[in-house]
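Chemist: Before anything else, here's the structure in question.
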Number of protein chains: 2
Amino acid sequence: MSDKRRRRLPRDVREQEIIDAALQVFSKRGYHAAVVDEIAELAGISKPMVYLYLGSKEGLFVSCIRREADRMAATFRDAAQAAGDSPEQRLYAGLTAFFAFVSERRDSWRVLHRQAPEQGEAIAAELAAARRAVMEEVGGLVMHGITEAGSATHLDEQDADYVAHALVGAADALTDWMERHPGESPDRMTQRLMNMMWVGMRNVLGGEIWLPPAGTVGVGKKAPAKAGRARAAVPKTAP
Amino acid sequence: MSDKRRRRLPRDVREQEIIDAALQVFSKRGYHAAVVDEIAELAGISKPMVYLYLGSKEGLFVSCIRREADRMAATFRDAAQAAGDSPEQRLYAGLTAFFAFVSERRDSWRVLHRQAPEQGEAIAAELAAARRAVMEEVGGLVMHGITEAGSATHLDEQDADYVAHALVGAADALTDWMERHPGESPDRMTQRLMNMMWVGMRNVLGGEIWLPPAGTVGVGKKAPAKAGRARAAVPKTAP
DNA sequence: AAGTAGACTTACTGAAGAGTAAGATTAGAC
DNA sequence: GTCTAATCTTACTCTTCAGTAAGTCTACTT
C-alpha cells in the first residue's frame, strides 16, 4: 500500500481508483457533504486530477452511479439467466443474487439508493435510468411468469409495471431491514419475498381481483380476502 | 394576498407560514439546494425571522418533517380506526387514505420520502422516527390480521416486521408510479396492492412457505409456486 | 402619551468548498 | 541522451450561503 504509492498510473487505472474512492466517500457522507479533496486524498492523488479525469463533482458522482448500477444489474441478470427458463426460477435466482450483492457492496447500494434525486438533472436522470433498467428486467419476468402460468387470459403491460414497482420497492425496503437483521441470508430474504409476492402477483395479472370486505364492521372470524373470485379484469383507467 | 401583507403576525401563525414556505422550497430544491433567503421571501419575511423562530436551517427542516409526518400518520390512523374492527378493512382504509394524502400534498411526500438521510444526525433521526411510527402501525395490522384469520399457529414479531417493511416499501414505490400515471385513483392503487399482498402475507405469517422450484430447467407448463404446502414454520435464524 | 415588548429589517461576517492557472515531474519513444 | 506527452502538484480565485449584530418599527398596556 505504501509501497507502490506515488507511482504514476495510466489514466484508466487511476480513473477507476478515483471512482472507488468516490464511492466510499459519497456513500459515507452523501453527495453534498462529500468533499472532493477528501476523495482525492483517499485516491492518493490531488484534486485537479479528479477534475481533469472526471470533469466535475457531478460527473464523478454520475460515474459512480453508472458503474455500480451496471454491476448490480449484471449481477441480477446473470443469475437469472443461469437459472433456467422458468420465470419463477429466474426471479428467485435474480432476487437472491440481488440480496447477496447489496449485503456485500454496501457502498454501491447506499449510493444507488439513499441518494435522493435532490441533486441536479444529470444525477436524477442517471438514477432514474438505472432504476428503469431494473424495472424492465423484473417486469419482463413478471409478465412471462404469468403467461407461462397459463391463467393469463388477461395481460396488461401497465399492470406488469405496477407489479414490478411493488416488487422492487419491497426489495428496496427489505434491504434496509436486512441491514438491521444480520444473520438473515440472501436466500432466506428471497424466500420470504417470493412467498409473499408470487401468489398475489398472479392474482393481479391473471385478472382476479381482491375486493374490499363489505361495508360494516366485521367480526373477527375468518373474514379473509375474496381473492380467487375471478372477475373480468382490472378495469382500464376510466378517463 | 397583497392586502394584509406586511402585517405583523403573532409568532405561532408566522411560524406555520414559514414552515409552509419551507416545505415548498425543500420539496422543490431538496435540503441542500434550498436557500434560506428564498424560504424567507416566500414567507413574506426576512431571513433573521426564520433563525429567530426556528433556530437553524436544520431545525427548520426538522420542523417540516415532524409536522408533515404527524399529519400523514394521523391520516392513516384515523382512516383505519374509522373503518371498523377487521384488520383487513383497516389496512384497506388506511392505505387508501395514504394514497389520497400523497396524491394531494405532494410537497409533504417529497420532503418525507425523497430526502435521503444524507443530511446530519438530527434529520436522519427524525425521518427514521417517522418511518418507524408508520411501520408499527402497519405491523400491528398485519399481526392482528393474521391472528384473526385463524390460521395463525405461528406468530413471530420479526416476521410481521418483515411483512410491514415489504408493504410499506411497496407503497412507497407505488407512490412514485402513481405520479407518472395520473388518473389512477387512490382506491384503485390500494385494491391492487391488497390484491398482491394480502394473500401472500397470510402465507408468510401463517407459517406456510414458498419453496424454490426443483433444480433444473422446467417446461413452461403450469409450474407455479408450491405455496400452500404447510410446513413447520419459517425457521429461526440459524446462528 | 410614554413605555415596553415583541415583530421585523438592513447590512454585514466568515467559512467552506468547487473549480482552475500555471507549471513541475517522470515514463517511455526514438 | 533528449524530446514529448502524459501524469501530477502547489497555490491560488471566486462564489455562495448560513448565521448574526445592531438596530427600527408598531401594537398594546397603563
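To be explicit about the labels: the chains of the C-alpha cells are called A, B, and onward in the order shown, and within each one the residues are counted from 1, while ligands get numbers from 1 in the order they are shown.
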Could you give me, as JSON, numbers by chain, the residues within 7 Å of stretch 199-202 of chain A, counting only C-alpha atoms (C1' of nucleotides) and dropping anything in the same chain fewer than 5 positions from it?

Modeler: {"A": [146, 163], "B": [195, 196, 197, 199, 200]}

Chemist: Can you work out which residues from chain C touch chain A at a cut-off of 9 Å (counting only C-alpha atoms (C1' of nucleotides)) and hand them back as a ChimeraX atom specification?

Modeler: /C:17-20,26-27

Chemist: If DSSP is run on the backbone, what residues of stretch 12-221 of chain A are alpha helix (DSSP H)? A reply as an MDAnalysis selection string would be ideal.

Modeler: chainID A and resid 12:29 36:42 47:54 57:82 87:103 106:113 121:149 157:179 186:206

Chemist: Any idea what's packed within 12 Å of stretch 2-8 of chain D, counting only C-alpha atoms (C1' of nucleotides), ignoring anything in its chain fewer than 5 positions away? Could you give it as a JSON list (two decimals) with N, CA and C atoms (P, O5', C5', C4', C3', O3' and C1' of nucleotides), in the first residue's frame?

Modeler:
[["chain", "number", "residue", "atom", "x", "y", "z"],
["A", 6, "ARG", "N", 2.49, 6.76, -4.84],
["A", 6, "ARG", "CA", 3.19, 7.84, -5.54],
["A", 6, "ARG", "C", 3.68, 7.43, -6.92],
["A", 7, "ARG", "N", 3.34, 6.20, -7.27],
["A", 7, "ARG", "CA", 3.71, 5.77, -8.62],
["A", 7, "ARG", "C", 2.72, 6.34, -9.61],
["A", 8, "ARG", "N", 3.16, 6.72, -10.75],
["A", 8, "ARG", "CA", 2.26, 7.22, -11.79],
["A", 8, "ARG", "C", 1.50, 6.07, -12.43],
["A", 9, "LEU", "N", 0.27, 6.27, -12.62],
["A", 9, "LEU", "CA", -0.55, 5.21, -13.19],
["A", 9, "LEU", "C", -1.22, 5.69, -14.48],
["A", 10, "PRO", "N", -1.48, 4.77, -15.38],
["A", 10, "PRO", "CA", -2.19, 5.13, -16.61],
["A", 10, "PRO", "C", -3.61, 5.60, -16.28],
["A", 11, "ARG", "N", -4.10, 6.41, -17.12],
["A", 11, "ARG", "CA", -5.38, 7.06, -16.87],
["A", 11, "ARG", "C", -6.52, 6.12, -16.49],
["A", 14, "ARG", "N", -6.16, 4.88, -12.90],
["A", 14, "ARG", "CA", -6.41, 5.96, -11.94],
["A", 14, "ARG", "C", -7.88, 6.32, -11.88],
["A", 44, "GLY", "N", -5.29, 8.89, -3.21],
["A", 44, "GLY", "CA", -3.84, 9.08, -3.24],
["A", 44, "GLY", "C", -3.40, 10.00, -4.36],
["A", 45, "ILE", "N", -4.08, 11.10, -4.48],
["A", 45, "ILE", "CA", -3.91, 11.96, -5.63],
["A", 45, "ILE", "C", -4.35, 13.36, -5.26],
["A", 46, "SER", "N", -4.09, 14.35, -6.09],
["A", 46, "SER", "CA", -4.54, 15.69, -5.74],
["A", 46, "SER", "C", -5.77, 16.10, -6.55],
["A", 47, "LYS", "N", -6.46, 17.08, -6.01],
["A", 47, "LYS", "CA", -7.76, 17.43, -6.55],
["A", 47, "LYS", "C", -7.82, 17.68, -8.05],
["A", 48, "PRO", "N", -6.91, 18.44, -8.60],
["A", 48, "PRO", "CA", -7.05, 18.73, -10.04],
["A", 48, "PRO", "C", -7.10, 17.48, -10.92],
["A", 49, "MET", "N", -6.49, 16.40, -10.47],
["A", 49, "MET", "CA", -6.57, 15.17, -11.24],
["A", 49, "MET", "C", -8.02, 14.71, -11.39],
["A", 50, "VAL", "N", -8.74, 14.83, -10.29],
["A", 50, "VAL", "CA", -10.15, 14.42, -10.33],
["A", 50, "VAL", "C", -10.88, 15.22, -11.39],
["A", 52, "LEU", "N", -9.58, 16.82, -13.91],
["A", 52, "LEU", "CA", -9.06, 16.52, -15.24],
["A", 52, "LEU", "C", -9.71, 15.27, -15.82],
["A", 53, "TYR", "N", -9.86, 14.26, -14.99],
["A", 53, "TYR", "CA", -10.37, 12.98, -15.50],
["A", 53, "TYR", "C", -11.89, 12.88, -15.50],
["C", 23, "DG", "P", 3.80, 29.84, -15.63],
["C", 23, "DG", "O5'", 4.44, 28.41, -15.41],
["C", 23, "DG", "C5'", 4.95, 28.25, -14.09],
["C", 23, "DG", "C4'", 4.74, 26.85, -13.67],
["C", 23, "DG", "C3'", 5.87, 25.90, -14.11],
["C", 23, "DG", "O3'", 6.58, 25.53, -12.99],
["C", 23, "DG", "C1'", 3.77, 24.88, -14.12],
["C", 24, "DA", "P", 8.12, 25.22, -13.06],
["C", 24, "DA", "O5'", 8.18, 23.80, -12.34],
["C", 24, "DA", "C5'", 7.66, 23.69, -11.02],
["C", 24, "DA", "C4'", 7.50, 22.22, -10.69],
["C", 24, "DA", "C3'", 8.72, 21.36, -11.01],
["C", 24, "DA", "O3'", 8.87, 20.44, -9.93],
["C", 24, "DA", "C1'", 6.83, 20.53, -12.17],
["C", 25, "DT", "P", 10.14, 19.53, -9.87],
["C", 25, "DT", "O5'", 9.64, 18.14, -10.45],
["C", 25, "DT", "C5'", 8.63, 17.42, -9.74],
["C", 25, "DT", "C4'", 8.19, 16.25, -10.59],
["C", 25, "DT", "C3'", 9.29, 15.26, -11.00],
["C", 25, "DT", "O3'", 8.90, 14.01, -10.49],
["C", 25, "DT", "C1'", 7.86, 15.74, -12.81],
["C", 26, "DT", "P", 9.99, 12.91, -10.18],
["C", 26, "DT", "O5'", 9.71, 11.89, -11.36],
["C", 26, "DT", "C5'", 8.43, 11.24, -11.40],
["C", 26, "DT", "C4'", 8.14, 10.73, -12.78],
["C", 26, "DT", "C3'", 9.18, 9.76, -13.35],
["C", 26, "DT", "O3'", 8.45, 8.66, -13.83],
["C", 26, "DT", "C1'", 8.58, 11.33, -14.95],
["C", 27, "DA", "P", 8.94, 7.19, -13.51],
["C", 27, "DA", "O5'", 8.23, 6.41, -14.71],
["C", 27, "DA", "C5'", 6.90, 6.81, -15.05],
["C", 27, "DA", "C4'", 6.64, 6.56, -16.53],
["C", 27, "DA", "C3'", 7.42, 5.39, -17.13],
["C", 27, "DA", "O3'", 6.50, 4.68, -17.93],
["C", 27, "DA", "C1'", 7.86, 7.39, -18.36],
["C", 28, "DG", "P", 6.80, 3.19, -18.33],
["C", 28, "DG", "O5'", 7.40, 3.37, -19.80],
["C", 28, "DG", "C5'", 6.51, 3.61, -20.86],
["C", 28, "DG", "C4'", 7.11, 4.59, -21.83],
["C", 28, "DG", "C3'", 7.90, 3.93, -22.96],
["C", 28, "DG", "O3'", 7.16, 4.10, -24.14],
["C", 28, "DG", "C1'", 8.84, 5.97, -22.26],
["C", 29, "DA", "P", 7.46, 3.07, -25.34],
["C", 29, "DA", "O5'", 7.77, 4.07, -26.56],
["C", 29, "DA", "C5'", 6.84, 5.13, -26.85],
["C", 29, "DA", "C4'", 7.50, 6.12, -27.79],
["C", 29, "DA", "C3'", 8.23, 5.48, -28.97],
["C", 29, "DA", "O3'", 8.00, 6.27, -30.13],
["C", 29, "DA", "C1'", 9.78, 6.75, -27.69],
["C", 30, "DC", "P", 8.36, 5.66, -31.56],
["C", 30, "DC", "O5'", 9.80, 6.24, -31.89],
["C", 30, "DC", "C5'", 9.99, 7.66, -31.94],
["C", 30, "DC", "C4'", 11.47, 7.97, -32.04],
["C", 30, "DC", "C3'", 12.26, 7.01, -32.95],
["C", 30, "DC", "O3'", 12.68, 7.71, -34.11],
["C", 30, "DC", "C1'", 13.43, 7.46, -30.90]]

Chemist: Mind giving me the straight-line distance from atom CA of A:Ala166 to atom CA of B:Thr190 in Å, one decimal?

Modeler: 11.6 Å

Chemist: Tell me, in Å to one decimal, how far atom CA of B:Leu42 is from atom CA of B:Ala21.

Modeler: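 Distance reported for this atom pair: 5.8 Å.
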
Chemist: Within 9 Å of chain B, which residues of chain D are there when counting only C-alpha atoms (C1' of nucleotides)? Please give them as a PyMOL selection string.

Modeler: chain D and resi 17-20+26

Chemist: Quick one: everything within 9 Å of A:Gln191, counting only C-alpha atoms (C1' of nucleotides), minus sequence neighbours fewer than 3 positions away in the same chain. Send it as number ranges by chain.

Modeler: A: 92, 96, 186-188, 194-196; B: 209-212

Chemist: Emit the selected residues as an mmCIF file, in the first residue's frame, including C-alpha atoms.

Modeler:
data_model
loop_
_atom_site.group_PDB
_atom_site.id
_atom_site.type_symbol
_atom_site.label_atom_id
_atom_site.label_comp_id
_atom_site.auth_asym_id
_atom_site.auth_seq_id
_atom_site.Cartn_x
_atom_site.Cartn_y
_atom_site.Cartn_z
ATOM 1 C CA TYR A 92 -35.872 -16.357 -7.443
ATOM 2 C CA THR A 96 -31.133 -13.954 -4.315
ATOM 3 C CA PRO A 186 -29.967 -13.504 0.988
ATOM 4 C CA ASP A 187 -31.629 -16.797 0.341
ATOM 5 C CA ARG A 188 -33.981 -16.505 3.209
ATOM 6 C CA MET A 194 -41.386 -14.852 -3.108
ATOM 7 C CA ASN A 195 -43.686 -16.273 -0.534
ATOM 8 C CA MET A 196 -45.471 -13.012 -0.196
ATOM 9 C CA ILE B 209 -43.620 -21.304 2.958
ATOM 10 C CA TRP B 210 -42.848 -20.904 -0.665
ATOM 11 C CA LEU B 211 -40.190 -23.284 -1.885
ATOM 12 C CA PRO B 212 -37.903 -22.730 -4.819
#

Chemist: Write out as an NGL selection string the residues lying within 12 Å of A:Val25, counting only C-alpha atoms (C1' of nucleotides) and excluding same-chain residues fewer than 4 positions away.

Modeler: (:A and (18-21 or 29-43 or 60-61 or 64 or 107-108 or 110-111)) or (:B and (118))

Chemist: Would you list the contacts of stretch 128-142 of chain B as a count of residues only, taking every protein, DNA or RNA residue within 7 Å and counting only C-alpha atoms (C1' of nucleotides), but skipping same-chain residues closer than 2 positions in sequence?

Modeler: 14

Chemist: Tell me, as a list of chain:residue names, which residues lie within 12 Å of D:DT30, counting only C-alpha atoms (C1' of nucleotides); anything in the same chain fewer than 5 positions away does not count.

Modeler: C:DA1, C:DA2, C:DG3, C:DT4
